[in-house]
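Source file: work.pdb; contents: PDB, C-alpha atoms and all ligand atoms.
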ATOM      1  CA  MET A1292      12.072  -6.535  16.596
ATOM      2  CA  ALA A1293      10.652  -7.563  13.203
ATOM      3  CA  GLU A1294      12.911  -9.937  11.349
ATOM      4  CA  THR A1295      13.098 -10.065   7.612
ATOM      5  CA  THR A1296      13.986 -13.464   6.239
ATOM      6  CA  THR A1297      15.045 -14.531   2.818
ATOM      7  CA  ALA A1298      11.852 -16.537   2.307
ATOM      8  CA  PRO A1299       9.563 -14.655  -0.084
ATOM      9  CA  ALA A1300       6.076 -14.130   1.308
ATOM     10  CA  LEU A1301       4.682 -12.733  -1.920
ATOM     11  CA  THR A1302       5.994 -13.379  -5.382
ATOM     12  CA  ALA A1303       4.925 -11.762  -8.620
ATOM     13  CA  THR A1304       6.320 -13.374 -11.748
ATOM     14  CA  GLU A1305       6.070 -11.660 -15.122
ATOM     15  CA  VAL A1306       2.750 -10.061 -14.226
ATOM     16  CA  THR A1307       1.089  -8.219 -17.092
ATOM     17  CA  MET A1308      -2.225  -6.425 -16.847
ATOM     18  CA  ALA A1309      -4.123  -5.082 -19.831
ATOM     19  CA  TYR A1310      -7.430  -3.365 -19.113
ATOM     20  CA  ARG A1311     -10.116  -3.229 -21.758
ATOM     21  CA  THR A1312     -11.910   0.099 -21.538
ATOM     22  CA  ARG A1313     -15.604   0.551 -22.285
ATOM     23  CA  ARG A1314     -14.650   2.304 -25.469
ATOM     24  CA  GLY A1315     -12.890  -0.847 -26.608
ATOM     25  CA  HIS A1316      -9.315   0.369 -26.115
ATOM     26  CA  THR A1317      -6.641  -1.624 -24.381
ATOM     27  CA  VAL A1318      -4.628  -0.007 -21.601
ATOM     28  CA  VAL A1319      -1.544  -1.962 -20.663
ATOM     29  CA  ALA A1320      -1.129  -1.025 -16.998
ATOM     30  CA  LEU A1321       1.646  -3.480 -16.095
ATOM     31  CA  ASP A1322       4.215  -5.128 -18.277
ATOM     32  CA  ARG A1323       5.954  -8.275 -17.030
ATOM     33  CA  VAL A1324       6.506  -7.153 -13.451
ATOM     34  CA  SER A1325       8.453  -9.573 -11.269
ATOM     35  CA  LEU A1326       8.944  -8.911  -7.571
ATOM     36  CA  ASP A1327       9.672 -10.909  -4.423
ATOM     37  CA  VAL A1328       8.571  -9.507  -1.084
ATOM     38  CA  ARG A1329      10.244 -11.215   1.859
ATOM     39  CA  ARG A1330       8.556 -12.026   5.122
ATOM     40  CA  GLY A1331       8.692  -9.065   7.525
ATOM     41  CA  GLU A1332       9.827  -6.719   4.782
ATOM     42  CA  PHE A1333       8.441  -3.241   4.107
ATOM     43  CA  VAL A1334       8.354  -2.569   0.376
ATOM     44  CA  SER A1335       7.092   0.681  -1.153
ATOM     45  CA  LEU A1336       5.857   1.098  -4.711
ATOM     46  CA  ILE A1337       6.451   4.534  -6.141
ATOM     47  CA  GLY A1338       6.034   5.836  -9.677
ATOM     48  CA  PRO A1339       4.204   8.349 -11.831
ATOM     49  CA  SER A1340       0.452   8.598 -11.680
ATOM     50  CA  GLY A1341      -1.189   5.849 -13.716
ATOM     51  CA  CYS A1342       1.879   3.572 -13.825
ATOM     52  CA  GLY A1343      -0.048   0.683 -12.293
ATOM     53  CA  LYS A1344       0.878   0.802  -8.591
ATOM     54  CA  SER A1345      -2.670   0.217  -7.349
ATOM     55  CA  THR A1346      -3.228  -2.379 -10.041
ATOM     56  CA  LEU A1347      -0.161  -4.287  -8.852
ATOM     57  CA  LEU A1348      -1.315  -4.047  -5.235
ATOM     58  CA  TYR A1349      -4.780  -5.388  -6.074
ATOM     59  CA  ILE A1350      -3.280  -8.228  -8.088
ATOM     60  CA  LEU A1351      -0.913  -9.093  -5.212
ATOM     61  CA  GLY A1352      -3.948  -9.231  -2.916
ATOM     62  CA  GLY A1353      -6.038 -11.315  -5.304
ATOM     63  CA  LEU A1354      -8.599  -8.527  -5.754
ATOM     64  CA  ARG A1355      -7.877  -8.322  -9.457
ATOM     65  CA  ARG A1356      -6.844 -11.000 -11.911
ATOM     66  CA  GLN A1357      -3.780 -10.324 -14.039
ATOM     67  CA  THR A1358      -3.884 -10.869 -17.806
ATOM     68  CA  SER A1359      -0.793 -13.065 -17.659
ATOM     69  CA  GLY A1360       1.918 -14.070 -15.224
ATOM     70  CA  GLU A1361       1.606 -15.465 -11.746
ATOM     71  CA  VAL A1362       1.295 -14.319  -8.150
ATOM     72  CA  ALA A1363       2.035 -16.607  -5.227
ATOM     73  CA  LEU A1364       1.575 -16.254  -1.491
ATOM     74  CA  ASP A1365       3.805 -18.539   0.575
ATOM     75  CA  GLY A1366       4.450 -20.471  -2.616
ATOM     76  CA  GLN A1367       0.732 -21.002  -3.353
ATOM     77  CA  ARG A1368      -0.766 -19.478  -6.473
ATOM     78  CA  ILE A1369      -3.229 -16.681  -5.698
ATOM     79  CA  THR A1370      -6.522 -16.915  -7.553
ATOM     80  CA  GLY A1371      -8.690 -14.673  -5.343
ATOM     81  CA  PRO A1372      -8.757 -12.716  -2.079
ATOM     82  CA  THR A1373      -7.343 -14.423   1.023
ATOM     83  CA  PRO A1374      -8.588 -12.181   3.855
ATOM     84  CA  ARG A1375      -7.102 -14.405   6.540
ATOM     85  CA  LYS A1376      -3.628 -13.812   5.180
ATOM     86  CA  VAL A1377      -3.775 -10.485   3.388
ATOM     87  CA  GLY A1378      -5.331  -7.246   4.663
ATOM     88  CA  PHE A1379      -5.880  -3.935   2.889
ATOM     89  CA  VAL A1380      -5.742  -0.311   4.017
ATOM     90  CA  PHE A1381      -6.926   2.220   1.460
ATOM     91  CA  GLN A1382      -6.693   5.996   1.259
ATOM     92  CA  ASP A1383     -10.407   6.350   2.131
ATOM     93  CA  TYR A1384     -10.670   4.870   5.573
ATOM     94  CA  THR A1385     -14.328   3.942   4.988
ATOM     95  CA  LEU A1386     -15.398   3.687   8.608
ATOM     96  CA  PHE A1387     -19.091   3.148   9.320
ATOM     97  CA  PRO A1388     -20.261   6.510  10.742
ATOM     98  CA  TRP A1389     -23.030   4.955  12.830
ATOM     99  CA  ARG A1390     -20.744   2.507  14.626
ATOM    100  CA  THR A1391     -18.435   3.412  17.501
ATOM    101  CA  ILE A1392     -14.706   3.301  16.910
ATOM    102  CA  ILE A1393     -14.273  -0.040  18.663
ATOM    103  CA  SER A1394     -17.137  -1.632  16.784
ATOM    104  CA  ASN A1395     -15.629  -0.336  13.534
ATOM    105  CA  VAL A1396     -12.393  -2.125  14.451
ATOM    106  CA  GLU A1397     -14.367  -5.291  15.249
ATOM    107  CA  VAL A1398     -16.305  -5.393  12.030
ATOM    108  CA  GLY A1399     -14.094  -7.839  10.117
ATOM    109  CA  LEU A1400     -13.923 -10.186  13.105
ATOM    110  CA  GLU A1401     -17.715 -10.052  13.299
ATOM    111  CA  PHE A1402     -17.961 -11.162   9.660
ATOM    112  CA  ARG A1403     -15.521 -13.922  10.463
ATOM    113  CA  GLY A1404     -17.863 -15.134  13.213
ATOM    114  CA  VAL A1405     -15.536 -14.426  16.147
ATOM    115  CA  GLY A1406     -17.446 -14.280  19.464
ATOM    116  CA  ARG A1407     -18.283 -10.918  21.015
ATOM    117  CA  LYS A1408     -15.902 -11.086  23.983
ATOM    118  CA  GLU A1409     -12.930 -12.240  21.944
ATOM    119  CA  ARG A1410     -13.436  -9.703  19.208
ATOM    120  CA  ARG A1411     -13.833  -6.860  21.704
ATOM    121  CA  GLU A1412     -10.541  -7.827  23.402
ATOM    122  CA  HIS A1413      -8.792  -8.111  20.096
ATOM    123  CA  ALA A1414     -10.145  -4.778  18.885
ATOM    124  CA  ALA A1415      -9.232  -3.044  22.161
ATOM    125  CA  TYR A1416      -5.665  -4.378  21.914
ATOM    126  CA  ASN A1417      -5.245  -3.051  18.380
ATOM    127  CA  LEU A1418      -6.858   0.293  19.191
ATOM    128  CA  ASP A1419      -4.326   0.672  22.021
ATOM    129  CA  LEU A1420      -1.570  -0.236  19.598
ATOM    130  CA  VAL A1421      -2.461   2.707  17.354
ATOM    131  CA  GLY A1422      -2.798   4.957  20.416
ATOM    132  CA  LEU A1423      -6.564   5.379  20.288
ATOM    133  CA  GLY A1424      -7.716   3.273  23.241
ATOM    134  CA  ALA A1425      -9.309   6.345  24.815
ATOM    135  CA  PHE A1426     -11.559   6.821  21.759
ATOM    136  CA  ALA A1427     -13.150   3.357  21.762
ATOM    137  CA  ASN A1428     -16.649   4.714  22.343
ATOM    138  CA  ALA A1429     -16.396   7.789  20.126
ATOM    139  CA  TYR A1430     -17.882   7.934  16.619
ATOM    140  CA  PRO A1431     -15.842   8.420  13.416
ATOM    141  CA  GLY A1432     -17.229  11.928  12.891
ATOM    142  CA  GLU A1433     -15.615  12.998  16.165
ATOM    143  CA  LEU A1434     -12.114  12.014  14.996
ATOM    144  CA  SER A1435      -9.673  13.806  12.710
ATOM    145  CA  GLY A1436      -8.699  12.271   9.347
ATOM    146  CA  GLY A1437      -5.383  11.074  10.780
ATOM    147  CA  MET A1438      -7.136   9.401  13.706
ATOM    148  CA  GLN A1439      -9.654   7.740  11.407
ATOM    149  CA  GLN A1440      -6.828   6.342   9.315
ATOM    150  CA  ARG A1441      -5.278   4.904  12.496
ATOM    151  CA  VAL A1442      -8.637   3.241  13.213
ATOM    152  CA  ALA A1443      -8.559   1.751   9.709
ATOM    153  CA  ILE A1444      -5.053   0.423  10.433
ATOM    154  CA  ALA A1445      -6.255  -1.053  13.748
ATOM    155  CA  ARG A1446      -9.164  -2.676  11.884
ATOM    156  CA  ALA A1447      -6.790  -4.252   9.371
ATOM    157  CA  LEU A1448      -4.413  -5.410  12.138
ATOM    158  CA  SER A1449      -7.316  -6.952  14.073
ATOM    159  CA  MET A1450      -7.735  -9.516  11.332
ATOM    160  CA  ASP A1451      -4.132 -10.498  12.036
ATOM    161  CA  PRO A1452      -3.103 -10.851   8.399
ATOM    162  CA  GLU A1453       0.473 -11.862   7.576
ATOM    163  CA  ILE A1454       0.610  -9.224   4.894
ATOM    164  CA  LEU A1455      -0.791  -5.715   4.776
ATOM    165  CA  LEU A1456      -1.272  -4.034   1.419
ATOM    166  CA  MET A1457      -1.608  -0.282   1.851
ATOM    167  CA  ASP A1458      -2.709   2.002  -0.980
ATOM    168  CA  GLU A1459      -1.653   5.579  -0.204
ATOM    169  CA  PRO A1460      -3.018   5.259   3.320
ATOM    170  CA  PHE A1461      -1.865   8.746   4.291
ATOM    171  CA  GLY A1462      -2.552  10.345   0.924
ATOM    172  CA  ALA A1463      -5.497  12.416   2.133
ATOM    173  CA  LEU A1464      -3.622  13.874   5.124
ATOM    174  CA  ASP A1465      -1.505  16.991   5.526
ATOM    175  CA  GLU A1466       2.264  16.609   5.488
ATOM    176  CA  GLN A1467       2.897  16.986   9.222
ATOM    177  CA  THR A1468       0.199  14.452  10.092
ATOM    178  CA  ARG A1469       1.480  11.968   7.548
ATOM    179  CA  THR A1470       5.025  12.324   8.881
ATOM    180  CA  VAL A1471       3.881  11.573  12.419
ATOM    181  CA  LEU A1472       1.668   8.723  11.234
ATOM    182  CA  GLY A1473       4.600   7.320   9.287
ATOM    183  CA  GLU A1474       6.657   7.295  12.496
ATOM    184  CA  GLU A1475       3.746   5.652  14.297
ATOM    185  CA  LEU A1476       3.428   3.047  11.579
ATOM    186  CA  ALA A1477       7.163   2.288  11.845
ATOM    187  CA  ARG A1478       6.699   1.707  15.594
ATOM    188  CA  ILE A1479       3.588  -0.465  15.172
ATOM    189  CA  LEU A1480       5.256  -2.567  12.518
ATOM    190  CA  GLU A1481       8.200  -3.283  14.751
ATOM    191  CA  LYS A1482       5.773  -4.748  17.244
ATOM    192  CA  THR A1483       3.709  -6.775  14.820
ATOM    193  CA  GLY A1484       6.371  -7.912  12.350
ATOM    194  CA  LYS A1485       3.966  -7.694   9.414
ATOM    195  CA  THR A1486       5.007  -7.818   5.792
ATOM    196  CA  ILE A1487       3.940  -4.596   4.083
ATOM    197  CA  VAL A1488       3.539  -3.464   0.498
ATOM    198  CA  PHE A1489       2.852   0.262   0.502
ATOM    199  CA  VAL A1490       1.870   2.518  -2.402
ATOM    200  CA  THR A1491       2.861   6.141  -1.983
ATOM    201  CA  HIS A1492       3.555   9.291  -3.951
ATOM    202  CA  SER A1493       5.755  10.663  -1.185
ATOM    203  CA  LEU A1494       9.488  10.180  -1.668
ATOM    204  CA  SER A1495      10.171  10.950   2.010
ATOM    205  CA  GLU A1496       7.564   8.486   3.219
ATOM    206  CA  ALA A1497       8.972   5.776   0.949
ATOM    207  CA  VAL A1498      12.545   6.296   2.185
ATOM    208  CA  PHE A1499      11.579   6.650   5.838
ATOM    209  CA  LEU A1500       9.452   3.524   6.030
ATOM    210  CA  SER A1501      10.868   1.058   3.542
ATOM    211  CA  ASP A1502      13.456  -1.668   3.464
ATOM    212  CA  ARG A1503      13.221  -1.438  -0.323
ATOM    213  CA  VAL A1504      11.648   1.122  -2.629
ATOM    214  CA  VAL A1505      10.426  -0.183  -5.973
ATOM    215  CA  VAL A1506      10.561   2.576  -8.575
ATOM    216  CA  MET A1507       8.153   1.992 -11.437
ATOM    217  CA  SER A1508       8.352   3.404 -14.934
ATOM    218  CA  ALA A1509       5.663   5.430 -16.672
ATOM    219  CA  ARG A1510       2.909   3.239 -18.094
ATOM    220  CA  PRO A1511       3.088   0.454 -18.999
ATOM    221  CA  GLY A1512       4.410  -0.007 -15.475
ATOM    222  CA  ARG A1513       7.683  -1.887 -15.286
ATOM    223  CA  ILE A1514      10.172  -2.036 -12.466
ATOM    224  CA  LYS A1515      12.779   0.570 -13.248
ATOM    225  CA  GLU A1516      14.938   0.148 -10.184
ATOM    226  CA  ILE A1517      14.808  -1.112  -6.618
ATOM    227  CA  LEU A1518      16.521   0.992  -3.940
ATOM    228  CA  THR A1519      17.587  -0.559  -0.651
ATOM    229  CA  VAL A1520      17.314   1.536   2.510
ATOM    230  CA  ALA A1521      19.854   0.015   4.885
ATOM    231  CA  GLU A1522      18.946   2.198   7.894
ATOM    232  CA  PRO A1523      18.398  -0.031  10.947
ATOM    233  CA  ARG A1524      14.953  -0.560  12.452
ATOM    234  CA  PRO A1525      13.067   0.764  14.290
ATOM    235  CA  ARG A1526      13.378   3.936  12.245
ATOM    236  CA  GLN A1527      13.855   7.020  14.380
ATOM    237  CA  PRO A1528      12.547  10.522  13.553
ATOM    238  CA  ALA A1529      16.197  11.726  13.380
ATOM    239  CA  PHE A1530      16.691   9.537  10.297
ATOM    240  CA  SER A1531      14.541  11.935   8.283
ATOM    241  CA  THR A1532      16.979  14.821   8.812
ATOM    242  CA  SER A1533      20.159  12.784   8.246
ATOM    243  CA  GLN A1534      22.476  13.052   5.244
ATOM    244  CA  SER A1535      21.862   9.434   4.242
ATOM    245  CA  PHE A1536      18.116  10.142   4.115
ATOM    246  CA  THR A1537      18.661  13.220   1.931
ATOM    247  CA  ASP A1538      20.964  11.277  -0.394
ATOM    248  CA  LEU A1539      18.449   8.446  -0.779
ATOM    249  CA  ARG A1540      15.589  10.861  -1.320
ATOM    250  CA  ASN A1541      17.563  12.770  -3.956
ATOM    251  CA  GLY A1542      18.452   9.529  -5.712
ATOM    252  CA  LEU A1543      14.785   8.602  -5.773
ATOM    253  CA  PHE A1544      13.872  12.035  -7.102
ATOM    254  CA  ASP A1545      16.299  11.658 -10.012
ATOM    255  CA  LEU A1546      14.980   8.194 -10.841
ATOM    256  CA  LEU A1547      11.387   9.350 -10.759
ATOM    257  CA  HIS A1548      11.739  12.670 -12.442
ATOM    258  CA  GLU A1549      12.204  11.387 -15.976
ATOM    259  CA  GLU A1550       9.358   8.885 -15.541
ATOM    260  CA  VAL A1551       6.943  11.525 -14.277
ATOM    261  CA  ARG A1552       7.962  13.720 -17.194
ATOM    262  CA  ALA A1553       7.364  10.870 -19.676
ATOM    263  CA  ALA A1554       3.973  10.110 -18.095
ATOM    264  CA  THR A1555       2.917  13.748 -18.160
ATOM    265  CA  LEU A1556       3.935  14.236 -21.783
ATOM    266  CA  ALA A1557       2.113  11.017 -22.776
ATOM    267  CA  GLU A1558      -1.002  12.213 -20.976
ATOM    268  CA  MET A1559      -0.846  15.596 -22.700
ATOM    269  CA  SER A1560      -0.529  13.999 -26.138
ATOM    270  CA  GLY A1561      -2.819  11.037 -25.459
ATOM    271  CA  ALA A1562      -0.014   8.837 -26.846
ATOM    272  CA  GLY A1563      -0.064   5.080 -26.479
ATOM    273  CA  ILE A1564      -3.414   4.987 -24.796
ATOM    274  CA  GLY A1565      -5.718   4.572 -27.718
ATOM    275  CA  GLY A1566      -6.618   8.251 -27.648
ATOM    276  CA  ASP A1567      -8.859   7.911 -24.608
ATOM    277  CA  GLY A1568      -6.432   9.600 -22.281
ATOM    278  CA  GLY A1569      -6.032   6.331 -20.362
ATOM    279  CA  ARG A1570      -9.208   7.053 -18.481
ATOM    280  CA  ARG A1571     -10.914   4.214 -16.800
ATOM    281  CA  GLY A1572     -13.747   2.825 -18.750
TER     282      GLY A1572
HETATM  283  N1  LIG B1601     -10.819  -0.737 -14.268
HETATM  284  C1  LIG B1601     -10.038  -0.137 -15.165
HETATM  285  N2  LIG B1601     -10.394  -0.091 -16.463
HETATM  286  C2  LIG B1601      -9.621   0.503 -17.389
HETATM  287  N3  LIG B1601      -8.424   1.069 -17.117
HETATM  288  C3  LIG B1601      -8.017   1.064 -15.831
HETATM  289  C4  LIG B1601      -8.799   0.466 -14.784
HETATM  290  N4  LIG B1601      -8.133   0.603 -13.613
HETATM  291  C5  LIG B1601      -6.997   1.263 -13.906
HETATM  292  N5  LIG B1601      -6.934   1.536 -15.229
HETATM  293  C6  LIG B1601      -5.841   2.230 -15.934
HETATM  294  O1  LIG B1601      -4.635   1.509 -15.680
HETATM  295  C7  LIG B1601      -3.563   2.407 -15.466
HETATM  296  C8  LIG B1601      -2.944   2.131 -14.107
HETATM  297  O2  LIG B1601      -3.874   2.516 -13.087
HETATM  298  P1  LIG B1601      -3.505   2.438 -11.531
HETATM  299  O3  LIG B1601      -4.647   3.022 -10.779
HETATM  300  O4  LIG B1601      -3.077   1.064 -11.201
HETATM  301  O5  LIG B1601      -2.243   3.404 -11.483
HETATM  302  P2  LIG B1601      -1.546   4.102 -10.232
HETATM  303  O6  LIG B1601      -0.080   4.078 -10.504
HETATM  304  O7  LIG B1601      -2.001   3.480  -8.966
HETATM  305  O8  LIG B1601      -2.109   5.596 -10.375
HETATM  306  P3  LIG B1601      -2.221   6.769  -9.275
HETATM  307  O9  LIG B1601      -0.831   7.002  -8.766
HETATM  308  O10 LIG B1601      -2.734   7.927 -10.073
HETATM  309  O11 LIG B1601      -3.179   6.306  -8.220
HETATM  310  C9  LIG B1601      -4.148   3.809 -15.626
HETATM  311  O12 LIG B1601      -3.931   4.256 -16.918
HETATM  312  C10 LIG B1601      -5.614   3.623 -15.371
HETATM  313  O13 LIG B1601      -6.375   4.597 -16.058
END

Could you quickly redo this structure as C-alpha cells?
Ligand SMILES: Nc1ncnc2c1ncn2[C@@H]1O[C@H](COP(=O)(O)OP(=O)(O)OP(=O)(O)O)[C@@H](O)[C@H]1O
Amino acid sequence: MAETTTAPALTATEVTMAYRTRRGHTVVALDRVSLDVRRGEFVSLIGPSGCGKSTLLYILGGLRRQTSGEVALDGQRITGPTPRKVGFVFQDYTLFPWRTIISNVEVGLEFRGVGRKERREHAAYNLDLVGLGAFANAYPGELSGGMQQRVAIARALSMDPEILLMDEPFGALDEQTRTVLGEELARILEKTGKTIVFVTHSLSEAVFLSDRVVVMSARPGRIKEILTVAEPRPRQPAFSTSQSFTDLRNGLFDLLHEEVRAATLAEMSGAGIGGDGGRRG
C-alpha cells in the first residue's frame, strides 16, 4: 500500500504568475500560492475556470516559470522540466496514430536511450497495469477515448517518475467512463505509490481520489481552503455512495459555488482583466 510521509516532495512557496498578453495587458493568474505536497500523496486542484490550476501544475513541473516565488522538488529549486522525476498526463492523450499501442508507451524510454528489450518489457508491464496488455499491437484509432487515456497513463508510468502531474486527464470522457477510470487510477496508484497532483473540474472525482483537495479562488488564483479526505486507501467504489462522500462533496460544492459565481460575473463584465476578457494572448 502507498505510504504518505510527512516529507514534502513538492513545495510551492508564495508563487505568483502574471502573464503578459499580446495586447499588452497583465493577467495575474496566481497570487502568492503556497502548497506542500507530501510523498505518496494524491492532491487535487479544483476551482473556477481560469483560476490558474493548469498554470500552477505547469509551474510545479518546471514547464513554466513563475513571476515570483519558488518551487522545489525534494528540496531542490526547480528551474526547468525534470522528466526523470516528474511526468505529465494531459487531457489530450496525444498518442502517435501510426505507432502501435506498445510502441506509444515506449516512446519516452526510446528518447531516453533505453535499449529495445528493456523498454519493451517495461512498456508491457505498464500496459498490463492499466489493463490493456491485450491491446499491445493495436493502433490508437482502434481504441476508445478511455482506453487511449489509459495508454497515456501507462506511457507516463513507464518513465517511472516520482511525481505525476495530471491536467484533467479524464475531462474529455463521459461520466461513467471517468468514474471507472478514477477507480482504476486509485488501484494503480496503490501499486505504484506515486505522488500525484491532479487538476479536475469534477467534485466527485476530487473527493474520490484525493487525500487532500485544494480549493482555489476565482482569479487571481489563491488557495481558498484545503479539504482532507480521511477515507482509507485503497478507495473502494462503495465510498462514492457513502454519506461521508456526499458530505464532503456538498462541502466542496459550497466552497466552490461562490468562487465560480465570482469568476463568471467577472468574465461577463470583463472586470480586472484589462478588458481583454482574460483571453490568452
Ligand atoms: N500563455 C498565456 N498568456 C496569457 N494569459 C494566459 C496564458 N495562459 C493562461 N493565461 C490566463 O491565465 C489564467 C489562468 O489560466 P489557467 O489555464 O491556468 O486556468 P485554469 O484554472 O486551468 O482554467 P480551466 O479550468 O478553464 O482550464 C486565465 O485567465 C488564462 O486566460

Dump as a Markdown table the rows for residues of chain A within 9 Å of ligand LIG 1601 (chain B): closest atom pair and distance in Å with one decimal, only C-alpha atoms and all ligand atoms counted, ordered by chain and rising residue number.
| residue | atom | partner | partner_atom | distance |
| --- | --- | --- | --- | --- |
| A:Met1308 | CA | B:LIG1601 | O1 | 8.4 |
| A:Ala1309 | CA | B:LIG1601 | O1 | 7.8 |
| A:Tyr1310 | CA | B:LIG1601 | C2 | 4.8 |
| A:Arg1311 | CA | B:LIG1601 | C2 | 5.8 |
| A:Thr1312 | CA | B:LIG1601 | C2 | 4.8 |
| A:Arg1313 | CA | B:LIG1601 | C2 | 7.7 |
| A:His1316 | CA | B:LIG1601 | C2 | 8.7 |
| A:Thr1317 | CA | B:LIG1601 | C2 | 7.9 |
| A:Val1318 | CA | B:LIG1601 | N3 | 6.0 |
| A:Val1319 | CA | B:LIG1601 | O1 | 6.8 |
| A:Ala1320 | CA | B:LIG1601 | C7 | 4.5 |
| A:Leu1321 | CA | B:LIG1601 | C8 | 7.5 |
| A:Leu1336 | CA | B:LIG1601 | O6 | 8.8 |
| A:Ile1337 | CA | B:LIG1601 | O6 | 7.9 |
| A:Gly1338 | CA | B:LIG1601 | O6 | 6.4 |
| A:Pro1339 | CA | B:LIG1601 | O9 | 6.0 |
| A:Ser1340 | CA | B:LIG1601 | O9 | 3.6 |
| A:Gly1341 | CA | B:LIG1601 | O8 | 3.5 |
| A:Cys1342 | CA | B:LIG1601 | O6 | 3.9 |
| A:Gly1343 | CA | B:LIG1601 | O4 | 3.2 |
| A:Lys1344 | CA | B:LIG1601 | O6 | 3.9 |
| A:Ser1345 | CA | B:LIG1601 | O7 | 3.7 |
| A:Thr1346 | CA | B:LIG1601 | O4 | 3.6 |
| A:Leu1347 | CA | B:LIG1601 | O4 | 6.5 |
| A:Leu1348 | CA | B:LIG1601 | O4 | 8.1 |
| A:Tyr1349 | CA | B:LIG1601 | O4 | 8.4 |
| A:Asp1458 | CA | B:LIG1601 | O7 | 8.2 |
| A:Glu1459 | CA | B:LIG1601 | O11 | 8.2 |
| A:Val1490 | CA | B:LIG1601 | O7 | 7.7 |
| A:Thr1491 | CA | B:LIG1601 | O9 | 7.8 |
| A:His1492 | CA | B:LIG1601 | O9 | 6.9 |
| A:Met1507 | CA | B:LIG1601 | O6 | 8.5 |
| A:Ala1509 | CA | B:LIG1601 | O6 | 8.5 |
| A:Arg1510 | CA | B:LIG1601 | O12 | 7.0 |
| A:Pro1511 | CA | B:LIG1601 | C7 | 7.8 |
| A:Gly1512 | CA | B:LIG1601 | C8 | 7.8 |
| A:Ile1564 | CA | B:LIG1601 | O12 | 7.9 |
| A:Gly1568 | CA | B:LIG1601 | O12 | 8.0 |
| A:Gly1569 | CA | B:LIG1601 | O12 | 4.5 |
| A:Arg1570 | CA | B:LIG1601 | O13 | 4.5 |
| A:Arg1571 | CA | B:LIG1601 | C2 | 4.0 |
| A:Gly1572 | CA | B:LIG1601 | C2 | 4.9 |

Please evaluate the PyMOL selection byres (((chain A and resi 1303) around 8) and not hetatm) against the structure above and give the resulting residues as a CSV table (one decimal) with C-alpha atoms, in the frame of the given file.
chain,number,residue,atom,x,y,z
A,1301,LEU,CA,4.7,-12.7,-1.9
A,1302,THR,CA,6.0,-13.4,-5.4
A,1304,THR,CA,6.3,-13.4,-11.7
A,1305,GLU,CA,6.1,-11.7,-15.1
A,1306,VAL,CA,2.8,-10.1,-14.2
A,1324,VAL,CA,6.5,-7.2,-13.5
A,1325,SER,CA,8.5,-9.6,-11.3
A,1326,LEU,CA,8.9,-8.9,-7.6
A,1327,ASP,CA,9.7,-10.9,-4.4
A,1351,LEU,CA,-0.9,-9.1,-5.2
A,1360,GLY,CA,1.9,-14.1,-15.2
A,1361,GLU,CA,1.6,-15.5,-11.7
A,1362,VAL,CA,1.3,-14.3,-8.2
A,1363,ALA,CA,2.0,-16.6,-5.2

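Taking atom CA of Ala1463 of chain A and atom CA of Tyr1430 of chain A as the two end points, the separation is 19.6 Å.
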
Would you compute, for all listed atoms of segment 1538-1546 of chain A, the axis-aligned bounding box grown by 6 Å on each side, and then report its centre and edge lengths in Å rounded to one decimal, as lines of an AutoDock Vina configuration file?
center_x = 17.4
center_y = 10.5
center_z = -5.6
size_x = 19.1
size_y = 16.6
size_z = 22.4

Proximity of segment 1330-1425 of chain A to segment 1468-1472 of chain A: per-residue shortest pair, 12 Å limit, all atoms listed in the file, as JSON lines:
{"residue": "A:Gln1382", "atom": "CA", "partner": "A:Arg1469", "partner_atom": "CA", "distance": 11.9}
{"residue": "A:Val1421", "atom": "CA", "partner": "A:Leu1472", "partner_atom": "CA", "distance": 9.5}
{"residue": "A:Gly1422", "atom": "CA", "partner": "A:Leu1472", "partner_atom": "CA", "distance": 10.9}
